[in-house]
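To start, the structure under review is shown below, and the notes come after it.
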Amino acid sequence: MAGLQSPIKKNDNVVVLAGRDRGKKGRVLVVEPAKNRVIVEGVNVIKRHTKPNPQKQVKGGIVEREAPVYVSKVQLVCPQCSAPTRIGHQILEDGRKVRVCRKCKGVVDK
Ligand SMILES: [Zn+2]
């Protein structure tokens, strides 16, 4: 899987296929292509307990933030047919390469 280019892009809506957050949907906030990972809004939220550190002006407490998930564990939700789908590619008449939904054949990219 290493080096495989992810078809998932920032601001895509995806659904989680496996793990604790299975079935959850969210927007992709960050794509980490080198690691094949994405950060999805509201998915894989971890709580970190932080100790107060007055010298660094850090308040103690619990910080919640999203941890990356493997891109193979999410699937794009098609903006056209609203179904989770695999992605194909198509080259338009003007030469642009766009992503298309394998289910409805609709163009995913604007
Ligand atoms: Zn579709």
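Chain labels run A, B, ... following the order of the structure tokens; each chain numbers its residues from 1, and ligands are numbered from 1 in the order shown.
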- Query: Tell me, which residues of chain A carry DSSP helix (DSSP H, G or I), written as JSON, numbers by chain?
  - Reply: {"A": [33, 34, 35, 54, 55, 56, 71, 72, 73]}
Produce a file of the selected residues containing all heavy atoms, as a PDB file, in the first residue's frame.
```
ATOM      1  N   PRO A  33      -0.577  12.156   2.693  1.00  0.00           N
ATOM      2  CA  PRO A  33      -0.354  11.155   1.634  1.00  0.00           C
ATOM      3  C   PRO A  33       0.836  10.237   1.912  1.00  0.00           C
ATOM      4  O   PRO A  33       0.784   9.052   1.593  1.00  0.00           O
ATOM      5  CB  PRO A  33      -0.083  11.999   0.385  1.00  0.00           C
ATOM      6  CG  PRO A  33      -0.493  13.387   0.731  1.00  0.00           C
ATOM      7  CD  PRO A  33      -0.396  13.525   2.215  1.00  0.00           C
ATOM      8  N   ALA A  34       1.868  10.776   2.517  1.00  0.00           N
ATOM      9  CA  ALA A  34       3.064   9.972   2.764  1.00  0.00           C
ATOM     10  C   ALA A  34       2.774   8.831   3.726  1.00  0.00           C
ATOM     11  O   ALA A  34       3.411   7.782   3.683  1.00  0.00           O
ATOM     12  CB  ALA A  34       4.178  10.850   3.310  1.00  0.00           C
ATOM     13  N   LYS A  35       1.816   9.030   4.592  1.00  0.00           N
ATOM     14  CA  LYS A  35       1.485   8.010   5.591  1.00  0.00           C
ATOM     15  C   LYS A  35       0.191   7.279   5.270  1.00  0.00           C
ATOM     16  O   LYS A  35      -0.254   6.442   6.052  1.00  0.00           O
ATOM     17  CB  LYS A  35       1.360   8.661   6.976  1.00  0.00           C
ATOM     18  CG  LYS A  35       2.658   9.242   7.492  1.00  0.00           C
ATOM     19  CD  LYS A  35       2.409   9.964   8.803  1.00  0.00           C
ATOM     20  CE  LYS A  35       3.695  10.577   9.344  1.00  0.00           C
ATOM     21  NZ  LYS A  35       3.426  11.472  10.477  1.00  0.00           N
ATOM     22  N   PRO A  54       2.813  25.951  34.079  1.00  0.00           N
ATOM     23  CA  PRO A  54       2.690  27.419  34.155  1.00  0.00           C
ATOM     24  C   PRO A  54       3.781  28.154  33.378  1.00  0.00           C
ATOM     25  O   PRO A  54       3.532  29.231  32.834  1.00  0.00           O
ATOM     26  CB  PRO A  54       2.834  27.705  35.656  1.00  0.00           C
ATOM     27  CG  PRO A  54       2.557  26.402  36.329  1.00  0.00           C
ATOM     28  CD  PRO A  54       2.988  25.325  35.376  1.00  0.00           C
ATOM     29  N   GLN A  55       4.953  27.563  33.281  1.00  0.00           N
ATOM     30  CA  GLN A  55       6.038  28.239  32.562  1.00  0.00           C
ATOM     31  C   GLN A  55       5.715  28.394  31.079  1.00  0.00           C
ATOM     32  O   GLN A  55       6.150  29.318  30.425  1.00  0.00           O
ATOM     33  CB  GLN A  55       7.354  27.465  32.732  1.00  0.00           C
ATOM     34  CG  GLN A  55       7.932  27.683  34.127  1.00  0.00           C
ATOM     35  CD  GLN A  55       9.102  26.770  34.431  1.00  0.00           C
ATOM     36  OE1 GLN A  55       9.308  25.768  33.760  1.00  0.00           O
ATOM     37  NE2 GLN A  55       9.846  27.124  35.458  1.00  0.00           N
ATOM     38  N   LYS A  56       4.966  27.425  30.552  1.00  0.00           N
ATOM     39  CA  LYS A  56       4.594  27.506  29.132  1.00  0.00           C
ATOM     40  C   LYS A  56       3.156  27.965  28.951  1.00  0.00           C
ATOM     41  O   LYS A  56       2.587  27.838  27.871  1.00  0.00           O
ATOM     42  CB  LYS A  56       4.795  26.144  28.470  1.00  0.00           C
ATOM     43  CG  LYS A  56       6.255  25.778  28.287  1.00  0.00           C
ATOM     44  CD  LYS A  56       6.380  24.472  27.542  1.00  0.00           C
ATOM     45  CE  LYS A  56       7.850  24.077  27.386  1.00  0.00           C
ATOM     46  NZ  LYS A  56       8.008  22.704  26.935  1.00  0.00           N
ATOM     47  N   VAL A  71      -6.336   5.639   5.460  1.00  0.00           N
ATOM     48  CA  VAL A  71      -7.219   6.009   4.370  1.00  0.00           C
ATOM     49  C   VAL A  71      -8.005   4.788   3.873  1.00  0.00           C
ATOM     50  O   VAL A  71      -9.108   4.914   3.350  1.00  0.00           O
ATOM     51  CB  VAL A  71      -6.398   6.700   3.253  1.00  0.00           C
ATOM     52  CG1 VAL A  71      -5.617   5.706   2.419  1.00  0.00           C
ATOM     53  CG2 VAL A  71      -7.276   7.578   2.405  1.00  0.00           C
ATOM     54  N   SER A  72      -7.453   3.603   4.092  1.00  0.00           N
ATOM     55  CA  SER A  72      -8.156   2.380   3.679  1.00  0.00           C
ATOM     56  C   SER A  72      -9.363   2.090   4.562  1.00  0.00           C
ATOM     57  O   SER A  72     -10.175   1.239   4.240  1.00  0.00           O
ATOM     58  CB  SER A  72      -7.192   1.196   3.705  1.00  0.00           C
ATOM     59  OG  SER A  72      -6.653   1.027   5.000  1.00  0.00           O
ATOM     60  N   LYS A  73      -9.471   2.797   5.669  1.00  0.00           N
ATOM     61  CA  LYS A  73     -10.596   2.568   6.578  1.00  0.00           C
ATOM     62  C   LYS A  73     -11.744   3.537   6.359  1.00  0.00           C
ATOM     63  O   LYS A  73     -12.746   3.509   7.080  1.00  0.00           O
ATOM     64  CB  LYS A  73     -10.131   2.674   8.036  1.00  0.00           C
ATOM     65  CG  LYS A  73      -9.294   1.495   8.462  1.00  0.00           C
ATOM     66  CD  LYS A  73      -9.096   1.499   9.944  1.00  0.00           C
ATOM     67  CE  LYS A  73      -8.360   0.235  10.380  1.00  0.00           C
ATOM     68  NZ  LYS A  73      -8.094   0.252  11.823  1.00  0.00           N
TER      69      LYS A  73
END
```
Chain A: which residues are strand (DSSP E) by DSSP, as an mmCIF file with N, CA, C and O atoms, in the first residue's frame?
```
data_model
loop_
_atom_site.group_PDB
_atom_site.id
_atom_site.type_symbol
_atom_site.label_atom_id
_atom_site.label_comp_id
_atom_site.auth_asym_id
_atom_site.auth_seq_id
_atom_site.Cartn_x
_atom_site.Cartn_y
_atom_site.Cartn_z
ATOM 1 N N ASN A 13 -16.336 14.372 1.983
ATOM 2 C CA ASN A 13 -17.103 13.724 3.035
ATOM 3 C C ASN A 13 -16.877 12.227 2.932
ATOM 4 O O ASN A 13 -17.012 11.642 1.860
ATOM 5 N N VAL A 14 -16.531 11.637 4.061
ATOM 6 C CA VAL A 14 -16.221 10.208 4.051
ATOM 7 C C VAL A 14 -16.995 9.506 5.163
ATOM 8 O O VAL A 14 -17.487 10.138 6.101
ATOM 9 N N VAL A 15 -17.110 8.185 5.017
ATOM 10 C CA VAL A 15 -17.702 7.365 6.057
ATOM 11 C C VAL A 15 -16.645 6.370 6.515
ATOM 12 O O VAL A 15 -15.824 5.894 5.723
ATOM 13 N N VAL A 16 -16.656 6.085 7.814
ATOM 14 C CA VAL A 16 -15.668 5.174 8.386
ATOM 15 C C VAL A 16 -16.157 3.740 8.236
ATOM 16 O O VAL A 16 -17.311 3.432 8.541
ATOM 17 N N LYS A 25 -19.738 9.598 9.849
ATOM 18 C CA LYS A 25 -19.397 10.387 8.677
ATOM 19 C C LYS A 25 -18.752 11.692 9.101
ATOM 20 O O LYS A 25 -19.063 12.232 10.161
ATOM 21 N N GLY A 26 -17.888 12.184 8.257
ATOM 22 C CA GLY A 26 -17.267 13.458 8.566
ATOM 23 C C GLY A 26 -16.513 14.009 7.383
ATOM 24 O O GLY A 26 -16.362 13.356 6.349
ATOM 25 N N ARG A 27 -16.054 15.226 7.572
ATOM 26 C CA ARG A 27 -15.328 15.930 6.519
ATOM 27 C C ARG A 27 -13.827 15.736 6.733
ATOM 28 O O ARG A 27 -13.345 15.803 7.863
ATOM 29 N N VAL A 28 -13.116 15.525 5.659
ATOM 30 C CA VAL A 28 -11.667 15.349 5.753
ATOM 31 C C VAL A 28 -11.011 16.698 6.021
ATOM 32 O O VAL A 28 -11.187 17.652 5.264
ATOM 33 N N LEU A 29 -10.268 16.754 7.112
ATOM 34 C CA LEU A 29 -9.603 18.005 7.489
ATOM 35 C C LEU A 29 -8.175 18.060 6.966
ATOM 36 O O LEU A 29 -7.697 19.110 6.552
ATOM 37 N N VAL A 30 -7.505 16.918 7.039
ATOM 38 C CA VAL A 30 -6.091 16.866 6.656
ATOM 39 C C VAL A 30 -5.841 15.549 5.930
ATOM 40 O O VAL A 30 -6.368 14.519 6.315
ATOM 41 N N VAL A 31 -5.068 15.608 4.860
ATOM 42 C CA VAL A 31 -4.625 14.394 4.182
ATOM 43 C C VAL A 31 -3.116 14.282 4.357
ATOM 44 O O VAL A 31 -2.397 15.246 4.143
ATOM 45 N N GLU A 32 -2.676 13.105 4.800
ATOM 46 C CA GLU A 32 -1.245 12.845 4.942
ATOM 47 C C GLU A 32 -0.853 11.763 3.944
ATOM 48 O O GLU A 32 -0.815 10.581 4.281
ATOM 49 N N ARG A 37 -2.718 8.394 5.504
ATOM 50 C CA ARG A 37 -3.668 8.646 6.583
ATOM 51 C C ARG A 37 -4.415 9.958 6.360
ATOM 52 O O ARG A 37 -3.931 10.856 5.676
ATOM 53 N N VAL A 38 -5.591 10.024 6.955
ATOM 54 C CA VAL A 38 -6.376 11.246 6.891
ATOM 55 C C VAL A 38 -6.888 11.583 8.290
ATOM 56 O O VAL A 38 -7.025 10.700 9.140
ATOM 57 N N ILE A 39 -7.157 12.840 8.499
ATOM 58 C CA ILE A 39 -7.812 13.262 9.731
ATOM 59 C C ILE A 39 -9.215 13.710 9.362
ATOM 60 O O ILE A 39 -9.396 14.549 8.471
ATOM 61 N N VAL A 40 -10.204 13.101 10.018
ATOM 62 C CA VAL A 40 -11.596 13.352 9.683
ATOM 63 C C VAL A 40 -12.283 13.999 10.878
ATOM 64 O O VAL A 40 -12.129 13.543 12.016
ATOM 65 N N VAL A 45 -11.616 10.547 17.735
ATOM 66 C CA VAL A 45 -11.289 11.597 18.695
ATOM 67 C C VAL A 45 -10.638 10.968 19.919
ATOM 68 O O VAL A 45 -11.145 10.007 20.481
ATOM 69 N N ILE A 46 -9.485 11.486 20.250
ATOM 70 C CA ILE A 46 -8.792 10.987 21.433
ATOM 71 C C ILE A 46 -8.746 12.087 22.481
ATOM 72 O O ILE A 46 -8.698 13.272 22.163
ATOM 73 N N LYS A 47 -8.789 11.640 23.730
ATOM 74 C CA LYS A 47 -8.673 12.593 24.830
ATOM 75 C C LYS A 47 -7.264 12.523 25.368
ATOM 76 O O LYS A 47 -6.740 11.449 25.633
ATOM 77 N N ARG A 48 -6.663 13.662 25.459
ATOM 78 C CA ARG A 48 -5.325 13.700 26.041
ATOM 79 C C ARG A 48 -5.358 14.480 27.330
ATOM 80 O O ARG A 48 -5.845 15.603 27.378
ATOM 81 N N HIS A 49 -4.854 13.843 28.355
ATOM 82 C CA HIS A 49 -4.759 14.524 29.635
ATOM 83 C C HIS A 49 -3.447 15.301 29.658
ATOM 84 O O HIS A 49 -2.392 14.732 29.454
ATOM 85 N N THR A 50 -3.567 16.568 29.858
ATOM 86 C CA THR A 50 -2.347 17.371 29.889
ATOM 87 C C THR A 50 -2.126 17.906 31.290
ATOM 88 O O THR A 50 -3.067 18.291 31.990
ATOM 89 N N GLY A 61 -5.678 19.701 31.967
ATOM 90 C CA GLY A 61 -7.037 19.296 31.656
ATOM 91 C C GLY A 61 -7.064 18.284 30.546
ATOM 92 O O GLY A 61 -6.051 17.673 30.211
ATOM 93 N N ILE A 62 -8.253 18.122 29.981
ATOM 94 C CA ILE A 62 -8.426 17.134 28.930
ATOM 95 C C ILE A 62 -8.604 17.852 27.601
ATOM 96 O O ILE A 62 -9.453 18.723 27.460
ATOM 97 N N VAL A 63 -7.762 17.507 26.664
ATOM 98 C CA VAL A 63 -7.850 18.081 25.327
ATOM 99 C C VAL A 63 -8.366 17.004 24.387
ATOM 100 O O VAL A 63 -7.844 15.904 24.350
ATOM 101 N N GLU A 64 -9.405 17.344 23.636
ATOM 102 C CA GLU A 64 -9.921 16.387 22.662
ATOM 103 C C GLU A 64 -9.476 16.800 21.273
ATOM 104 O O GLU A 64 -9.595 17.956 20.889
ATOM 105 N N ARG A 65 -8.952 15.833 20.542
ATOM 106 C CA ARG A 65 -8.645 16.144 19.150
ATOM 107 C C ARG A 65 -8.686 14.873 18.305
ATOM 108 O O ARG A 65 -8.604 13.770 18.825
ATOM 109 N N GLU A 66 -8.805 15.078 17.004
ATOM 110 C CA GLU A 66 -8.895 13.954 16.090
ATOM 111 C C GLU A 66 -7.505 13.373 15.822
ATOM 112 O O GLU A 66 -6.569 14.121 15.581
ATOM 113 N N VAL A 69 -6.583 8.482 10.779
ATOM 114 C CA VAL A 69 -7.014 7.110 10.511
ATOM 115 C C VAL A 69 -6.466 6.712 9.143
ATOM 116 O O VAL A 69 -6.224 7.561 8.282
ATOM 117 N N TYR A 70 -6.276 5.425 8.956
ATOM 118 C CA TYR A 70 -5.775 4.959 7.667
ATOM 119 C C TYR A 70 -6.818 5.188 6.591
ATOM 120 O O TYR A 70 -8.008 4.966 6.800
ATOM 121 N N VAL A 74 -11.586 4.425 5.388
ATOM 122 C CA VAL A 74 -12.677 5.342 5.080
ATOM 123 C C VAL A 74 -13.049 5.208 3.610
ATOM 124 O O VAL A 74 -12.251 4.776 2.779
ATOM 125 N N GLN A 75 -14.264 5.580 3.321
ATOM 126 C CA GLN A 75 -14.719 5.547 1.939
ATOM 127 C C GLN A 75 -15.431 6.853 1.631
ATOM 128 O O GLN A 75 -16.138 7.396 2.477
ATOM 129 N N LEU A 76 -15.225 7.329 0.426
ATOM 130 C CA LEU A 76 -15.845 8.586 0.019
ATOM 131 C C LEU A 76 -17.367 8.461 -0.011
ATOM 132 O O LEU A 76 -17.913 7.453 -0.453
ATOM 133 N N VAL A 77 -18.044 9.494 0.477
ATOM 134 C CA VAL A 77 -19.486 9.584 0.288
ATOM 135 C C VAL A 77 -19.720 10.466 -0.933
ATOM 136 O O VAL A 77 -19.338 11.630 -0.956
ATOM 137 N N PRO A 84 -21.848 5.747 -0.026
ATOM 138 C CA PRO A 84 -20.410 5.466 0.072
ATOM 139 C C PRO A 84 -19.983 4.727 -1.187
ATOM 140 O O PRO A 84 -20.673 3.804 -1.632
ATOM 141 N N THR A 85 -18.878 5.116 -1.755
ATOM 142 C CA THR A 85 -18.531 4.554 -3.054
ATOM 143 C C THR A 85 -17.035 4.466 -3.265
ATOM 144 O O THR A 85 -16.263 5.167 -2.621
ATOM 145 N N ILE A 87 -13.921 5.081 -5.953
ATOM 146 C CA ILE A 87 -13.688 6.212 -6.846
ATOM 147 C C ILE A 87 -13.002 5.746 -8.123
ATOM 148 O O ILE A 87 -12.054 4.973 -8.082
ATOM 149 N N GLY A 88 -13.507 6.206 -9.231
ATOM 150 C CA GLY A 88 -12.833 5.993 -10.504
ATOM 151 C C GLY A 88 -12.319 7.315 -11.032
ATOM 152 O O GLY A 88 -12.564 8.368 -10.442
ATOM 153 N N HIS A 89 -11.594 7.242 -12.112
ATOM 154 C CA HIS A 89 -11.092 8.475 -12.712
ATOM 155 C C HIS A 89 -11.554 8.581 -14.152
ATOM 156 O O HIS A 89 -11.762 7.584 -14.826
ATOM 157 N N GLN A 90 -11.710 9.810 -14.565
ATOM 158 C CA GLN A 90 -12.159 10.049 -15.921
ATOM 159 C C GLN A 90 -11.480 11.302 -16.433
ATOM 160 O O GLN A 90 -11.262 12.248 -15.671
ATOM 161 N N ILE A 91 -11.133 11.294 -17.695
ATOM 162 C CA ILE A 91 -10.528 12.487 -18.277
ATOM 163 C C ILE A 91 -11.586 13.189 -19.125
ATOM 164 O O ILE A 91 -12.201 12.586 -20.008
ATOM 165 N N LYS A 97 -8.507 15.792 -15.398
ATOM 166 C CA LYS A 97 -8.752 14.482 -14.811
ATOM 167 C C LYS A 97 -9.609 14.687 -13.563
ATOM 168 O O LYS A 97 -9.246 15.473 -12.685
ATOM 169 N N VAL A 98 -10.718 14.009 -13.530
ATOM 170 C CA VAL A 98 -11.607 14.173 -12.384
ATOM 171 C C VAL A 98 -11.908 12.809 -11.771
ATOM 172 O O VAL A 98 -11.739 11.768 -12.403
ATOM 173 N N ARG A 99 -12.361 12.856 -10.528
ATOM 174 C CA ARG A 99 -12.780 11.626 -9.858
ATOM 175 C C ARG A 99 -14.270 11.415 -10.120
ATOM 176 O O ARG A 99 -15.044 12.374 -10.093
ATOM 177 N N VAL A 100 -14.631 10.191 -10.357
ATOM 178 C CA VAL A 100 -16.040 9.882 -10.585
ATOM 179 C C VAL A 100 -16.492 8.787 -9.635
ATOM 180 O O VAL A 100 -15.721 7.935 -9.208
ATOM 181 N N CYS A 101 -17.777 8.846 -9.307
ATOM 182 C CA CYS A 101 -18.413 7.842 -8.460
ATOM 183 C C CYS A 101 -18.610 6.568 -9.278
ATOM 184 O O CYS A 101 -19.125 6.608 -10.387
#
```
- Could the residues that lie within 6 Å of ligand 1, counting only C-alpha atoms and all ligand atoms, be listed as an MDAnalysis selection string? chainID A and resid 78 80:81 101 103:104 106
Next, dump the selected residues to file, keeping only N, CA, C and O atoms, as a CSV table (one decimal), in the first residue's frame.
```csv
chain,number,residue,atom,x,y,z
A,78,CYS,N,-20.3,9.9,-1.9
A,78,CYS,CA,-20.5,10.6,-3.2
A,78,CYS,C,-21.4,11.8,-3.0
A,78,CYS,O,-22.5,11.7,-2.5
A,80,GLN,N,-23.0,13.3,-5.2
A,80,GLN,CA,-24.1,13.2,-6.2
A,80,GLN,C,-25.2,12.3,-5.7
A,80,GLN,O,-26.4,12.6,-5.7
A,81,CYS,N,-24.9,11.0,-5.3
A,81,CYS,CA,-25.9,10.1,-4.9
A,81,CYS,C,-25.9,9.8,-3.5
A,81,CYS,O,-26.7,8.9,-3.0
A,101,CYS,N,-17.8,8.8,-9.3
A,101,CYS,CA,-18.4,7.8,-8.5
A,101,CYS,C,-18.6,6.6,-9.3
A,101,CYS,O,-19.1,6.6,-10.4
A,103,LYS,N,-20.6,4.3,-8.6
A,103,LYS,CA,-22.0,3.9,-8.5
A,103,LYS,C,-22.9,4.6,-9.5
A,103,LYS,O,-23.6,4.0,-10.3
A,104,CYS,N,-22.9,6.0,-9.4
A,104,CYS,CA,-23.8,6.7,-10.2
A,104,CYS,C,-23.1,7.4,-11.4
A,104,CYS,O,-23.7,8.0,-12.2
A,106,GLY,N,-21.4,9.8,-11.4
A,106,GLY,CA,-21.3,11.3,-11.3
A,106,GLY,C,-19.9,11.8,-11.0
A,106,GLY,O,-19.1,11.1,-10.4
```
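Distance-wise, atom CA of A:Lys59 and atom CA of A:Val43 end up 24.7 Å apart.
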